[in-house]
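Chemist: Here you go, one structure.
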Amino acid sequence: MDGQIFASCGVGLAAVYVPAENGRELRLAEVVEDADRRLRAPTAYDLVGHSPVADACRAGRPLWLTTKDAARYGLRGHVPAGTPDDAVSTDTVSMGALPLGGEARLLGCLLVVDRAGGGFGADQRTLLELCAGQTAAGLGKAGARLTDRTETAPRLRSALLPARGGCFVLTPSTGHIDVDTAVLDLFGIPPEDFDGEISALLECTVPDDAPALMSVVVPRQTNSDQHLAFRIRRRNGELHWLDLRCRVLAGPDGRPQRVLGVVSDASRLRPSADDVSLVQRLSAALSGATTIRDVSRVVVDSLRAPLNADRIAVAELEGDHLVVTVLDPPEPDAWPQSWRSEWRSEWPDASCHALPTLQNTLREGHVGLWPAGVELEPNLKGIGPGGLAVLPLRADGRMVGVCLVGWDGEHRFGPGDRSLLTAAAGVMGQALARAHALDAGHELAAMLQRSLLPRKLPELAGGVAVARYLPATVGLEVGGDWYDVIPLSDSHVVMVIGDVQGHSAGAATIMGQMRTAIRAYAVEGHPPDVVLAHANQLLVGMETDLFATCTYVDLDMEEGTAWVVRAGHLPPLLRLPDATTEEPEIEGGPPLGVIADGEFPMTQLSLAPGTLVTLLTDGLVESATLHLEDGMRAVRKLLAAADPSEPERVADRLAAGTHQRHDDVAVLILRYDGMQVRPVRARWAVWRLPDAVMHARRFTARTLRDWSVTEETDVALLIVSELVTNAVAHTTGEVRLNLTLTGDRLRIAVNDASPRTPVKAESVDWEETGGRGLLLVAAMSAAWGSVPLSGGKQVWCDITLSPRDELAHDAGPACTP
């Protein structure tokens with residue numbers, strides 16, 4: 001050890017002290033003495049005594065002493081008072097004591113002495129503090145406590161102070177750099193060939209490491225320390241690792257003015273071939289992990305066996321809480337009691353404030369290693385009574401999580417453990433941050449998809465509808481699957497399911513437009529084939545390259561008749577009351593958006609009460625490893641074994657087992673039960689005659705008499721008068737009166753050819769002759785409203801009836817005068 005770096009900083013003696021096994025003193029581990037050996041270092045310092053080393057370690061910060069300051073400690077030359085005079089020169093000296101390590105764990109102390117006695121300047125202090133960082137890395141690599149200097153120091157000599165290296169001062173604005181000849185020797189550049197420009201050193205850097213080195217050459221932040229290891233290739237072709245630590249100093253304007261740093265040979269800090277192989281395998285395994293839970297499981301599977309660890313925990317850092325994503329072993333009794341008390345559902349959620357040692361380690365950002373016997377808080381000691389490693393996980397300059405590795409039996413940390421775990425922590429941190437972003441992006445995509453789907457399905461008279469939607473787990477882009485259940489008038493219900501081509505925001509946009517358009521066309525009263533024809537023309541007119549598939553089922557809940565239209569989509573599957581299944585032959589049309597004048601033929605089905613009608617998208621039955629025929633066969637088999645009385649559970653079983661999904665999955669199930677109370681209907685076409693309202697009232701009175709409705713007749717006649725009068729007076733074209741009796745509810749509806757929605761007046765001038773009709777309708781009915789129909793609208797109101805006798809007879813077809 002020739003002390004090149006220390007000599008360039010004006011140091012006449014440098015000594016490294018490390019904690020002894022008893023923990024009460026620091027013992028000399030390595031020393032660089034001046035040439036004439038007139039300065040000598042003591043063999044030990046008492047940590048509770050009065051000395052520069054002890055005071056600096058207790059304060060946790062460097063202590064700089066001039067000759068006058070040293071005299072207050074009773075120092076002559078550089079030994080404690082009382083040392084024989086022939087052991088040291090009586091020259092005055094200045095000195096510095098620099099603690100190694102952080103608050104969580106003291107690794108040792110670096111003592112530097114200057115014979116000049118004038119004290120170290122600001123630049124010298126900065127460079128020596130950077131040298132202390134390099135020395136701390138050497139101590140971490142060694143990972144040992146000394147019991148006897150003469151026995152242990154030679155073993156550690158190659159692991160502590162850097163054997164080769166030097167200092168530099170860089171001016172970022174000009175690119176000029178002042179370097180020691182030792183630095184040029186590391187780069188393999190003869191001093192006579194060096195022109196003082198940083199570009200000469202950058203030319204030797206391996207291209208892959210140049211971007212990291214440029215953060216030093218062109219710094220953005222001031223008064224900040226940077227540390228990096230990089231590779232250079234000398235002129236003779238040799239590849240070497242170098243370790244660089246630097247500090248950026250600001251000028252009067254607050255901008256970076258100078259960069260002070262030290263460079264040393266980093267070969268002593270590089271991991272072994274086995275360690276590199278382990279990190280490479282871990283990196284390769286993490287490259288395929290897309291979720292936080294996947295990352296955590298890969299970490300456990302990759303590290304537990306090679307490290308022979310008994311426990312591994314991986315946690316995300318959210319604010320001041322650690323949200324644990326995986327514990328191995330997963331049994332609660334394998335972890336400390338305080339962790340078990342925090343158990344929430346499956347995983348614990350612990351506060352950093354309850355773990356001060358862990359909190360300090362995360363703040364410092366360095367791997368912490370605690371062998372057996374070290375006093376730790378119970379929350380941590382119970383994880384690794386034989387040894388504990390805490391790996392802070394950093395990514396993009398911020399702390400994202402932590403990994404804890406614990407051993408039950410005594411674990412001796414070897415020289416390569418810190419470098420191995422540091423390298424593994426870097427890979428894990430990047431993977432955890434990437435997975436967090438993927439999880440957040442996937443959740444955002446799923447939220448967008450869910451916002452375009454029905455929040456809940458309507459309650460149906462004569463059936464129960466349930467749906468399940470699962471977004472793809474592979475990839476982030478939102479898909480285009482959709483479904484809907486649309487109640488129509490006259491006890492009809494529409495089931496529709498579809499899939500827009502591709503996975504993108506464009507597909508989601510088309511999906512939302514298609515769902516809205518189909519719902520609007522259905523509510524207007526168009527037949528199924530016309531609904532899809534209109535939707536097809538709409539999509540063709542959007543001038544998009546995307547197309548959509550769709551299956552549309554219009555089910556009459558009274559009669560059990562279903563009209564099915566298929567536009568390039570899978571047909572419905574039927575589970576019959578006798579537990580058999582069918583895949584009915586449904587004549588199909590082209591996908592929507594392909595042919596402007598495409599035809600969409602209808603197929604009629606007859607359903608018996610108790611039938612399950614299942615619509616699905618191809619993500620459930622087809623994939624790269626599953627043929628469509630096999631997938632449909634599997635769904636039919638599951639439906640045959642299902643209990644139709646619990647359609648929710650049937651939908652859950654269909655959606656189960658699709659954890660790794662390359663496509664979205666949508667399932668829509670309707671159990672058709674039939675109407676327990678079948679509605680009775682009557683219709684009347686209103687003639688545009690002066691006495692049109694009178695004829696409508698007579699038709700209503702005659703119909704209600706046939707239905708045994710007597711007490712509410714006057715109310716019904718008044719409502720009919722108002723609705724028919726409004727339709728005849730304010731619209732043109734055909735007007736129809738519809739009466740529907742369902743149990744104890746009578747619905748009166750009037751259809752007209754005007755799309756204008758009636759508006760109830762907020763206030764009425766009672767001296768006017770009009771404007772009171774809708775107020776009367778609203779006052780006398782249980783509910784009222786207006787819905788658009790093809791080419792017009794329907795205004796309806798419901799009247800709640802009192803109990804009455806059985807109907808004399810069912811009403812026949814609508815009467816048309």
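Numbering starts fresh at 1 for the residues of each chain in the structure tokens, the chains themselves are lettered A, B, ... in the order given, and ligands are numbered from 1 as they appear.
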Please identify all polymer residues within 8 Å of A:Pro191, counting only C-alpha atoms, omitting same-chain residues fewer than 3 positions from it, and present them as a PyMOL selection string.

Modeler: chain A and resi 181+184+194

Chemist: Per residue of stretch 633-687 of chain A within 9 Å of stretch 495-502 of chain A, what are the shortest atom pair and its distance in Å to one decimal, counting only C-alpha atoms, with rows by chain and residue number, as CSV?

Modeler:
residue,atom,partner,partner_atom,distance
A:Ala666,CA,A:Ile497,CA,8.0
A:Val667,CA,A:Ile497,CA,8.2
A:Leu668,CA,A:Ile497,CA,7.4
A:Ile669,CA,A:Met495,CA,8.9
A:Leu670,CA,A:Met495,CA,8.2

Chemist: Smallest atom-to-atom distance to A:Asp481: which of A:Val402, A:Met557, A:Leu620, A:Ala579, using only C-alpha atoms?

Modeler: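 With only C-alpha atoms as the atom set, the closest residue is A:Leu620.
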
Chemist: Quick one: of A:Ser287, A:Thr611, A:Thr516, A:Thr135, who's nearest to A:Ala15, counting only C-alpha atoms?

Modeler: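 Among the listed residues, A:Thr135 lies closest to A:Ala15.
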
Chemist: Residues within 8 Å of A:Pro19, please, as a PyMOL selection string. Count only C-alpha atoms; anything in the same chain fewer than 3 positions from it doesn't count.

Modeler: chain A and resi 22-27+106-108+145-146

Chemist: Can you work out the spacing between atom CA of A:Glu585 and atom CA of A:Leu607 in Å, to one decimal?

Modeler: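 It comes out at 14.6 Å.
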
Chemist: Excluding A:Gly196 and any residue of its chain fewer than 4 positions from it, enumerate the residues within 8 Å of it, using only C-alpha atoms, and give them as a VMD selection string.

Modeler: chain A and resid 176 to 178 200

Chemist: Based on the selection just made, write C-alpha atoms of those residues as a PDB file, in the first residue's frame.

Modeler:
ATOM      1  CA  HIS A 176     -10.345  21.265 -17.844  1.00  0.00           C
ATOM      2  CA  ILE A 177      -9.227  18.758 -15.218  1.00  0.00           C
ATOM      3  CA  ASP A 178      -6.244  18.711 -12.867  1.00  0.00           C
ATOM      4  CA  ALA A 200      -8.896  12.381 -22.993  1.00  0.00           C
TER       5      ALA A 200
END

Chemist: Skip A:Met95 itself and residues of its chain fewer than 4 positions away, then list as a list in words all residues within 6 Å of it, counting only C-alpha atoms.

Modeler: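 Selected residues are Leu65, Val112, Val113 and Asp114 of chain A.
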
Chemist: Selection from above, N, CA, C and O atoms, as a compact mmCIF listing (two decimals), in the first residue's frame, can you write it?

Modeler:
# COMPACT_ATOMS: atom_id res chain seq x y z
N LEU A 65 -8.73 18.91 13.45
CA LEU A 65 -7.96 19.54 14.51
C LEU A 65 -6.71 20.21 13.95
O LEU A 65 -5.98 19.59 13.14
N VAL A 112 -6.27 10.73 9.80
CA VAL A 112 -5.28 11.30 8.88
C VAL A 112 -4.53 12.40 9.62
O VAL A 112 -5.11 13.16 10.39
N VAL A 113 -3.21 12.46 9.38
CA VAL A 113 -2.35 13.40 10.08
C VAL A 113 -1.50 14.15 9.06
O VAL A 113 -0.98 13.56 8.11
N ASP A 114 -1.36 15.47 9.29
CA ASP A 114 -0.52 16.32 8.45
C ASP A 114 0.59 16.89 9.32
O ASP A 114 0.32 17.58 10.32

Chemist: Name all residues at most 9 Å from A:Pro758 (count only C-alpha atoms; drop same-chain ones fewer than 3 positions away) and give them as a ChimeraX atom specification.

Modeler: /A:774,785-786,795

Chemist: Between A:Val735, A:Leu128, A:Ala467, A:Val279, which has the minimum distance to A:Val262 (counting only C-alpha atoms)?

Modeler: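 Using only C-alpha atoms, the shortest distance to A:Val262 belongs to A:Leu128.
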
Chemist: What is the distance between atom CA of A:Ser419 and atom CA of A:Gly138, in Å to one decimal?

Modeler: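 Atom-to-atom, atom CA of A:Ser419 and atom CA of A:Gly138 are spaced 10.2 Å apart.
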
Chemist: Skipping near chain neighbours, those fewer than 4 positions away, what residues fall within 12 Å of A:Thr710 using only C-alpha atoms, listed as a list in words?

Modeler: Thr700, Ala701, Arg702, Thr703, Leu704, Arg705, Asp706, Asp714, Val715, Ala716, Leu717, Leu801, Ser802, Pro803, Arg804, Asp805 and Leu807 of chain A

Chemist: One decimal, in Å: what's the spacing between atom CA of A:Met694 and atom CA of A:Arg745?

Modeler: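 Atom-to-atom, atom CA of A:Met694 to atom CA of A:Arg745, that is 23.8 Å.
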
Chemist: If you run DSSP over the backbone, which residues in stretch 557-746 of chain A end up helix (DSSP H, G or I)? Put them as a PyMOL selection string.

Modeler: chain A and resi 628-641+647-655+692-706+713-730

Chemist: Would you please extract all strand (DSSP E) residues from stretch 383-592 of chain A, as assigned by DSSP on the backbone, and give them as a compact mmCIF listing (two decimals) with N, CA, C and O atoms, in the first residue's frame?

Modeler:
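Final file, states39.txt:
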# COMPACT_ATOMS: atom_id res chain seq x y z
N GLY A 387 -28.29 -13.59 12.03
CA GLY A 387 -27.73 -12.65 11.06
C GLY A 387 -28.85 -12.02 10.26
O GLY A 387 -29.85 -12.68 9.93
N LEU A 388 -28.73 -10.74 9.99
CA LEU A 388 -29.77 -10.02 9.27
C LEU A 388 -29.13 -9.11 8.22
O LEU A 388 -28.16 -8.40 8.51
N ALA A 389 -29.66 -9.16 7.02
CA ALA A 389 -29.24 -8.26 5.94
C ALA A 389 -30.44 -7.44 5.51
O ALA A 389 -31.52 -8.00 5.27
N VAL A 390 -30.25 -6.13 5.45
CA VAL A 390 -31.30 -5.21 5.01
C VAL A 390 -30.84 -4.58 3.71
O VAL A 390 -29.80 -3.91 3.67
N LEU A 391 -31.60 -4.81 2.65
CA LEU A 391 -31.24 -4.32 1.32
C LEU A 391 -32.19 -3.19 0.94
O LEU A 391 -33.35 -3.44 0.56
N PRO A 392 -31.76 -1.94 1.04
CA PRO A 392 -32.61 -0.85 0.52
C PRO A 392 -32.72 -0.95 -1.00
O PRO A 392 -31.72 -1.17 -1.69
N LEU A 393 -33.91 -0.83 -1.50
CA LEU A 393 -34.16 -0.96 -2.94
C LEU A 393 -34.40 0.43 -3.51
O LEU A 393 -35.39 1.08 -3.19
N ARG A 394 -33.48 0.86 -4.35
CA ARG A 394 -33.55 2.19 -4.94
C ARG A 394 -33.78 2.07 -6.44
O ARG A 394 -33.37 1.09 -7.08
N ALA A 395 -34.43 3.09 -6.99
CA ALA A 395 -34.64 3.17 -8.44
C ALA A 395 -34.88 4.62 -8.79
O ALA A 395 -35.68 5.31 -8.13
N ARG A 398 -34.65 7.31 -5.96
CA ARG A 398 -35.57 7.32 -4.81
C ARG A 398 -35.70 5.92 -4.25
O ARG A 398 -35.44 4.92 -4.93
N MET A 399 -36.07 5.85 -2.97
CA MET A 399 -36.24 4.58 -2.31
C MET A 399 -37.63 4.02 -2.63
O MET A 399 -38.63 4.70 -2.43
N VAL A 400 -37.67 2.79 -3.15
CA VAL A 400 -38.95 2.19 -3.55
C VAL A 400 -39.35 1.02 -2.67
O VAL A 400 -40.51 0.59 -2.70
N GLY A 401 -38.41 0.49 -1.90
CA GLY A 401 -38.75 -0.67 -1.08
C GLY A 401 -37.56 -1.17 -0.31
O GLY A 401 -36.51 -0.53 -0.24
N VAL A 402 -37.73 -2.34 0.28
CA VAL A 402 -36.67 -2.94 1.08
C VAL A 402 -36.82 -4.45 1.02
O VAL A 402 -37.95 -4.97 0.88
N CYS A 403 -35.70 -5.14 1.11
CA CYS A 403 -35.70 -6.60 1.19
C CYS A 403 -34.94 -6.99 2.45
O CYS A 403 -33.82 -6.52 2.68
N LEU A 404 -35.55 -7.82 3.28
CA LEU A 404 -34.92 -8.30 4.50
C LEU A 404 -34.61 -9.78 4.36
O LEU A 404 -35.47 -10.57 3.96
N VAL A 405 -33.35 -10.14 4.67
CA VAL A 405 -32.90 -11.53 4.60
C VAL A 405 -32.42 -11.92 5.99
O VAL A 405 -31.54 -11.24 6.55
N GLY A 406 -32.98 -12.98 6.56
CA GLY A 406 -32.64 -13.37 7.92
C GLY A 406 -32.21 -14.82 8.00
O GLY A 406 -32.65 -15.67 7.23
N TRP A 407 -31.34 -15.09 8.99
CA TRP A 407 -30.85 -16.44 9.25
C TRP A 407 -31.12 -16.78 10.71
O TRP A 407 -30.94 -15.93 11.60
N GLY A 463 -86.39 -12.80 -15.00
CA GLY A 463 -85.05 -13.31 -15.21
C GLY A 463 -84.02 -12.60 -14.35
O GLY A 463 -84.30 -11.59 -13.70
N VAL A 464 -82.79 -13.12 -14.34
CA VAL A 464 -81.67 -12.55 -13.60
C VAL A 464 -80.48 -12.50 -14.53
O VAL A 464 -80.14 -13.50 -15.17
N ALA A 465 -79.83 -11.33 -14.63
CA ALA A 465 -78.66 -11.16 -15.49
C ALA A 465 -77.44 -10.86 -14.63
O ALA A 465 -77.50 -10.07 -13.68
N VAL A 466 -76.31 -11.52 -14.93
CA VAL A 466 -75.04 -11.28 -14.25
C VAL A 466 -73.96 -11.17 -15.30
O VAL A 466 -74.08 -11.72 -16.41
N ALA A 467 -72.88 -10.47 -14.97
CA ALA A 467 -71.78 -10.29 -15.91
C ALA A 467 -70.47 -10.30 -15.16
O ALA A 467 -70.39 -9.97 -13.97
N ARG A 468 -69.40 -10.69 -15.85
CA ARG A 468 -68.05 -10.64 -15.34
C ARG A 468 -67.14 -10.07 -16.42
O ARG A 468 -67.25 -10.46 -17.59
N TYR A 469 -66.27 -9.17 -16.00
CA TYR A 469 -65.28 -8.63 -16.94
C TYR A 469 -63.90 -8.69 -16.27
O TYR A 469 -63.73 -8.24 -15.13
N LEU A 470 -62.92 -9.26 -16.96
CA LEU A 470 -61.55 -9.36 -16.46
C LEU A 470 -60.61 -8.78 -17.51
O LEU A 470 -60.57 -9.27 -18.64
N ASP A 481 -63.50 -5.12 -25.16
CA ASP A 481 -64.66 -5.96 -24.85
C ASP A 481 -65.73 -5.14 -24.14
O ASP A 481 -65.41 -4.29 -23.31
N TRP A 482 -66.98 -5.41 -24.47
CA TRP A 482 -68.07 -4.74 -23.77
C TRP A 482 -69.29 -5.64 -23.72
O TRP A 482 -69.39 -6.63 -24.45
N TYR A 483 -70.20 -5.29 -22.84
CA TYR A 483 -71.48 -6.00 -22.71
C TYR A 483 -72.51 -5.01 -22.21
O TYR A 483 -72.18 -3.93 -21.71
N ASP A 484 -73.78 -5.38 -22.34
CA ASP A 484 -74.85 -4.51 -21.86
C ASP A 484 -76.12 -5.32 -21.75
O ASP A 484 -76.32 -6.32 -22.46
N VAL A 485 -77.00 -4.90 -20.85
CA VAL A 485 -78.35 -5.45 -20.70
C VAL A 485 -79.30 -4.25 -20.75
O VAL A 485 -79.18 -3.33 -19.94
N ILE A 486 -80.24 -4.29 -21.71
CA ILE A 486 -81.07 -3.12 -21.99
C ILE A 486 -82.55 -3.51 -21.84
O ILE A 486 -83.09 -4.23 -22.69
N PRO A 487 -83.24 -3.08 -20.79
CA PRO A 487 -84.68 -3.35 -20.69
C PRO A 487 -85.44 -2.47 -21.69
O PRO A 487 -85.19 -1.27 -21.80
N HIS A 492 -89.58 -6.72 -23.07
CA HIS A 492 -88.46 -7.21 -23.85
C HIS A 492 -87.14 -6.78 -23.17
O HIS A 492 -87.05 -5.72 -22.58
N VAL A 493 -86.14 -7.64 -23.29
CA VAL A 493 -84.81 -7.36 -22.74
C VAL A 493 -83.78 -7.69 -23.81
O VAL A 493 -83.86 -8.75 -24.46
N VAL A 494 -82.82 -6.79 -23.98
CA VAL A 494 -81.74 -7.00 -24.95
C VAL A 494 -80.46 -7.36 -24.20
O VAL A 494 -80.07 -6.67 -23.26
N MET A 495 -79.84 -8.46 -24.60
CA MET A 495 -78.49 -8.81 -24.16
C MET A 495 -77.55 -8.57 -25.34
O MET A 495 -77.82 -9.02 -26.45
N VAL A 496 -76.46 -7.89 -25.08
CA VAL A 496 -75.51 -7.63 -26.16
C VAL A 496 -74.10 -7.76 -25.60
O VAL A 496 -73.80 -7.36 -24.48
N ILE A 497 -73.22 -8.36 -26.39
CA ILE A 497 -71.81 -8.48 -26.03
C ILE A 497 -71.00 -8.28 -27.29
O ILE A 497 -71.44 -8.63 -28.40
N GLY A 498 -69.83 -7.66 -27.15
CA GLY A 498 -69.03 -7.37 -28.33
C GLY A 498 -67.56 -7.22 -28.00
O GLY A 498 -67.15 -7.20 -26.84
N ASP A 499 -66.76 -7.09 -29.04
CA ASP A 499 -65.31 -6.99 -28.90
C ASP A 499 -64.79 -6.14 -30.05
O ASP A 499 -64.99 -6.49 -31.22
N VAL A 500 -64.12 -5.03 -29.71
CA VAL A 500 -63.49 -4.19 -30.73
C VAL A 500 -62.09 -4.72 -30.98
O VAL A 500 -61.37 -5.08 -30.04
N ALA A 548 -65.50 -4.24 -35.19
CA ALA A 548 -66.04 -4.80 -33.95
C ALA A 548 -66.90 -6.00 -34.27
O ALA A 548 -67.56 -6.04 -35.31
N THR A 549 -66.87 -6.98 -33.37
CA THR A 549 -67.79 -8.11 -33.46
C THR A 549 -68.85 -7.96 -32.38
O THR A 549 -68.63 -7.28 -31.37
N CYS A 550 -70.00 -8.61 -32.59
CA CYS A 550 -71.11 -8.38 -31.67
C CYS A 550 -72.14 -9.50 -31.81
O CYS A 550 -72.36 -10.02 -32.91
N THR A 551 -72.74 -9.87 -30.68
CA THR A 551 -73.90 -10.75 -30.66
C THR A 551 -75.01 -10.04 -29.90
O THR A 551 -74.80 -9.57 -28.78
N TYR A 552 -76.19 -9.99 -30.51
CA TYR A 552 -77.32 -9.21 -30.00
C TYR A 552 -78.50 -10.15 -29.85
O TYR A 552 -78.89 -10.85 -30.80
N VAL A 553 -79.07 -10.20 -28.63
CA VAL A 553 -80.21 -11.08 -28.35
C VAL A 553 -81.35 -10.23 -27.80
O VAL A 553 -81.20 -9.57 -26.77
N ASP A 554 -82.50 -10.25 -28.50
CA ASP A 554 -83.72 -9.57 -28.06
C ASP A 554 -84.65 -10.65 -27.53
O ASP A 554 -85.17 -11.47 -28.28
N LEU A 555 -84.88 -10.65 -26.20
CA LEU A 555 -85.63 -11.72 -25.54
C LEU A 555 -86.97 -11.17 -25.04
O LEU A 555 -87.01 -10.20 -24.28
N ASP A 556 -88.04 -11.82 -25.46
CA ASP A 556 -89.39 -11.52 -24.95
C ASP A 556 -89.56 -12.29 -23.64
O ASP A 556 -89.68 -13.53 -23.65
N THR A 561 -89.44 -16.04 -26.34
CA THR A 561 -88.93 -16.01 -27.71
C THR A 561 -87.75 -15.06 -27.80
O THR A 561 -87.82 -13.92 -27.32
N ALA A 562 -86.67 -15.53 -28.40
CA ALA A 562 -85.46 -14.71 -28.53
C ALA A 562 -85.11 -14.58 -30.00
O ALA A 562 -85.14 -15.56 -30.76
N TRP A 563 -84.79 -13.36 -30.41
CA TRP A 563 -84.30 -13.09 -31.77
C TRP A 563 -82.82 -12.74 -31.65
O TRP A 563 -82.44 -11.80 -30.96
N VAL A 564 -81.99 -13.52 -32.34
CA VAL A 564 -80.53 -13.41 -32.20
C VAL A 564 -79.95 -12.92 -33.51
O VAL A 564 -80.29 -13.44 -34.60
N VAL A 565 -79.06 -11.94 -33.42
CA VAL A 565 -78.30 -11.44 -34.58
C VAL A 565 -76.83 -11.51 -34.21
O VAL A 565 -76.43 -11.08 -33.12
N ARG A 566 -76.03 -12.02 -35.14
CA ARG A 566 -74.61 -12.21 -34.87
C ARG A 566 -73.79 -11.50 -35.95
O ARG A 566 -73.99 -11.74 -37.13
N ALA A 567 -72.86 -10.62 -35.49
CA ALA A 567 -72.00 -9.89 -36.41
C ALA A 567 -70.55 -10.31 -36.18
O ALA A 567 -69.78 -9.65 -35.49
N LEU A 573 -74.47 -19.61 -25.92
CA LEU A 573 -74.54 -20.99 -25.44
C LEU A 573 -75.74 -21.10 -24.51
O LEU A 573 -75.98 -20.22 -23.67
N LEU A 574 -76.51 -22.19 -24.66
CA LEU A 574 -77.71 -22.40 -23.86
C LEU A 574 -77.50 -23.57 -22.92
O LEU A 574 -77.03 -24.63 -23.33
N ARG A 575 -77.86 -23.36 -21.67
CA ARG A 575 -77.90 -24.45 -20.69
C ARG A 575 -79.36 -24.69 -20.39
O ARG A 575 -80.05 -23.86 -19.79
N THR A 581 -76.62 -28.92 -22.79
CA THR A 581 -76.18 -27.64 -23.35
C THR A 581 -76.30 -27.67 -24.86
O THR A 581 -76.25 -28.72 -25.49
N GLU A 582 -76.48 -26.48 -25.42
CA GLU A 582 -76.60 -26.35 -26.87
C GLU A 582 -75.77 -25.16 -27.35
O GLU A 582 -75.62 -24.16 -26.65
N GLY A 588 -74.91 -15.82 -39.34
CA GLY A 588 -74.11 -14.65 -38.98
C GLY A 588 -73.92 -13.67 -40.12
O GLY A 588 -74.00 -14.02 -41.30
N GLY A 589 -73.66 -12.43 -39.73
CA GLY A 589 -73.30 -11.39 -40.68
C GLY A 589 -71.85 -10.98 -40.48
O GLY A 589 -71.15 -11.52 -39.61
